[in-house]
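Visitor: Here you go, this is input22.pdb (PDB, C-alpha atoms).
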```
ATOM      1  CA  MET I1141      63.971 121.738 130.258  1.00  0.00           C
ATOM      2  CA  THR I1142      61.061 120.800 128.020  1.00  0.00           C
ATOM      3  CA  GLU I1143      58.420 123.126 126.618  1.00  0.00           C
ATOM      4  CA  ASP I1144      55.790 122.034 129.150  1.00  0.00           C
ATOM      5  CA  ASP I1145      58.226 122.753 132.023  1.00  0.00           C
ATOM      6  CA  TYR I1146      59.184 126.278 130.938  1.00  0.00           C
ATOM      7  CA  VAL I1147      57.341 129.275 132.411  1.00  0.00           C
ATOM      8  CA  GLY I1148      60.036 131.997 132.195  1.00  0.00           C
ATOM      9  CA  TYR I1149      62.188 133.755 134.777  1.00  0.00           C
ATOM     10  CA  LEU I1150      61.731 135.472 138.127  1.00  0.00           C
ATOM     11  CA  ILE I1151      63.928 138.456 138.984  1.00  0.00           C
ATOM     12  CA  GLU I1152      64.098 139.625 142.598  1.00  0.00           C
ATOM     13  CA  ALA I1153      65.588 143.123 142.572  1.00  0.00           C
ATOM     14  CA  TRP I1154      66.314 145.481 145.472  1.00  0.00           C
ATOM     15  CA  VAL I1155      66.797 148.934 143.946  1.00  0.00           C
ATOM     16  CA  CYS I1156      66.986 152.535 145.118  1.00  0.00           C
ATOM     17  CA  GLN I1157      64.037 154.717 144.131  1.00  0.00           C
ATOM     18  CA  ALA I1158      63.446 158.182 145.603  1.00  0.00           C
ATOM     19  CA  GLY I1159      66.055 157.514 148.307  1.00  0.00           C
ATOM     20  CA  THR I1160      64.376 154.302 149.503  1.00  0.00           C
ATOM     21  CA  LEU I1161      65.434 150.719 148.866  1.00  0.00           C
ATOM     22  CA  VAL I1162      62.434 148.951 147.293  1.00  0.00           C
ATOM     23  CA  PHE I1163      61.789 145.312 146.376  1.00  0.00           C
ATOM     24  CA  LEU I1164      60.750 144.589 142.793  1.00  0.00           C
ATOM     25  CA  PRO I1165      59.676 141.060 141.864  1.00  0.00           C
ATOM     26  CA  ILE I1166      59.744 140.929 138.047  1.00  0.00           C
ATOM     27  CA  LYS I1167      58.342 138.212 135.809  1.00  0.00           C
ATOM     28  CA  TYR I1168      60.082 137.752 132.466  1.00  0.00           C
ATOM     29  CA  ALA I1169      58.441 135.315 130.091  1.00  0.00           C
ATOM     30  CA  THR I1170      58.890 134.518 126.424  1.00  0.00           C
ATOM     31  CA  SER I1171      57.655 131.610 124.404  1.00  0.00           C
ATOM     32  CA  PHE I1172      59.726 128.459 124.654  1.00  0.00           C
ATOM     33  CA  ASP I1173      60.923 128.921 121.054  1.00  0.00           C
ATOM     34  CA  GLN I1174      62.099 132.494 121.737  1.00  0.00           C
ATOM     35  CA  ASN I1175      64.082 131.485 124.841  1.00  0.00           C
ATOM     36  CA  SER I1176      67.390 131.117 123.001  1.00  0.00           C
ATOM     37  CA  SER I1177      68.630 134.724 122.865  1.00  0.00           C
ATOM     38  CA  MET I1178      70.075 137.066 125.474  1.00  0.00           C
ATOM     39  CA  MET I1179      67.609 138.309 128.062  1.00  0.00           C
ATOM     40  CA  VAL I1180      67.494 142.090 128.568  1.00  0.00           C
ATOM     41  CA  VAL I1181      65.546 143.655 131.431  1.00  0.00           C
ATOM     42  CA  GLN I1182      65.723 147.329 132.392  1.00  0.00           C
ATOM     43  CA  VAL I1183      65.180 148.240 136.038  1.00  0.00           C
ATOM     44  CA  LYS I1184      65.185 151.828 137.321  1.00  0.00           C
ATOM     45  CA  ASP I1185      67.866 152.264 139.987  1.00  0.00           C
ATOM     46  CA  GLU I1186      68.678 155.702 141.383  1.00  0.00           C
ATOM     47  CA  PRO I1187      71.481 157.018 143.587  1.00  0.00           C
ATOM     48  CA  GLY I1188      70.800 158.011 147.180  1.00  0.00           C
ATOM     49  CA  CYS I1189      70.463 154.826 149.227  1.00  0.00           C
ATOM     50  CA  ASP I1190      72.809 153.738 152.019  1.00  0.00           C
ATOM     51  CA  VAL I1191      72.591 150.083 150.972  1.00  0.00           C
ATOM     52  CA  PRO I1192      73.800 148.849 147.551  1.00  0.00           C
ATOM     53  CA  SER I1193      71.235 147.607 145.043  1.00  0.00           C
ATOM     54  CA  SER I1194      71.189 143.900 144.216  1.00  0.00           C
ATOM     55  CA  ALA I1195      69.248 141.299 142.263  1.00  0.00           C
ATOM     56  CA  ARG I1196      68.826 137.555 141.817  1.00  0.00           C
ATOM     57  CA  ILE I1197      67.466 135.732 138.812  1.00  0.00           C
ATOM     58  CA  TYR I1198      65.728 132.365 138.830  1.00  0.00           C
ATOM     59  CA  THR I1199      64.532 130.105 136.059  1.00  0.00           C
ATOM     60  CA  ALA I1200      60.904 129.284 136.671  1.00  0.00           C
ATOM     61  CA  GLU I1201      59.414 125.944 135.754  1.00  0.00           C
ATOM     62  CA  LYS I1202      56.434 123.918 136.851  1.00  0.00           C
ATOM     63  CA  HIS I1203      58.339 122.293 139.742  1.00  0.00           C
ATOM     64  CA  GLY I1204      59.725 125.514 141.231  1.00  0.00           C
ATOM     65  CA  TYR I1205      62.674 127.871 140.764  1.00  0.00           C
ATOM     66  CA  ASN I1206      66.401 127.438 140.103  1.00  0.00           C
ATOM     67  CA  ARG I1207      68.754 130.277 141.021  1.00  0.00           C
ATOM     68  CA  LEU I1208      71.276 131.327 138.379  1.00  0.00           C
ATOM     69  CA  PRO I1209      74.902 132.026 139.384  1.00  0.00           C
ATOM     70  CA  ASN I1210      75.760 135.560 140.585  1.00  0.00           C
ATOM     71  CA  ASP I1211      78.157 136.131 137.682  1.00  0.00           C
ATOM     72  CA  SER I1212      75.203 136.012 135.261  1.00  0.00           C
ATOM     73  CA  LEU I1213      73.969 139.390 136.586  1.00  0.00           C
ATOM     74  CA  ALA I1214      75.983 141.964 134.670  1.00  0.00           C
ATOM     75  CA  GLY I1215      75.466 145.456 136.050  1.00  0.00           C
ATOM     76  CA  PHE I1216      74.465 144.480 139.604  1.00  0.00           C
TER      77      PHE I1216
END
```
Take the structure in the file and write it out as structure tokens.

Guide:
Amino acid sequence: MTEDDYVGYLIEAWVCQAGTLVFLPIKYATSFDQNSSMMVVQVKDEPGCDVPSSARIYTAEKHGYNRLPNDSLAGF
């Protein structure tokens, strides 16, 4: 990916908040030069929902999105 292609990441998270499963689309963007370290994103997830929480992460670039493998989502 070149610098002009890079626009960050999209995280689609389904989390429990106040007993309700809610959808959180999260944009994570750094400069192209800073995109070489581990990404850390904190999302509030509470107990109390009947359905488990989940998330997907995509790289975002000017042509669209690319989904990352499920094993890259530690903690979900």

Visitor: Tell me which protein, DNA and RNA residues are within 7 Å of Thr1160 of chain I, counting all atoms listed in the file, leaving out same-chain ones fewer than 3 positions away, and put them as a list in words.

Guide: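 These residues fall inside the cut-off: Cys1156, Gln1157 and Cys1189 of chain I.
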
Visitor: Name the closest residue to Lys1184 of chain I among the candidates I:Phe1163, I:Tyr1198, I:Tyr1168, I:Tyr1149; distances are taken between atoms, counting all atoms listed in the file.

Guide: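 Closest to Lys1184 of chain I of all the choices is I:Phe1163.
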
Visitor: Closest to Val1191 of chain I among I:Gly1159, I:Thr1170, I:Arg1207, I:Met1179, using all atoms listed in the file?

Guide: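 Using all atoms listed in the file, Val1191 of chain I sits closest to I:Gly1159.
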
Visitor: What is the distance, in Å and to one decimal place, between atom CA of Val1183 of chain I and atom CA of Ala1200 of chain I?

Guide: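 So the two atoms, atom CA of Val1183 of chain I and atom CA of Ala1200 of chain I, lie 19.4 Å apart.
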
Visitor: Go through the shown structure with the PyMOL selection byres ((chain I and resi 1196) around 7) and write out the matching residues as an MDAnalysis selection string.

Guide: chainID I and resid 1151:1153 1195 1197:1198

Visitor: Please report the interatomic distance between atom CA of Glu1201 of chain I and atom CA of Val1181 of chain I in Å with one decimal.

Guide: 19.2 Å

Visitor: Could you tell me how far atom CA of Ser1193 of chain I lies from atom CA of Trp1154 of chain I, in Å and to one decimal?

Guide: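 About the pair atom CA of Ser1193 of chain I and atom CA of Trp1154 of chain I: they are 5.4 Å apart.
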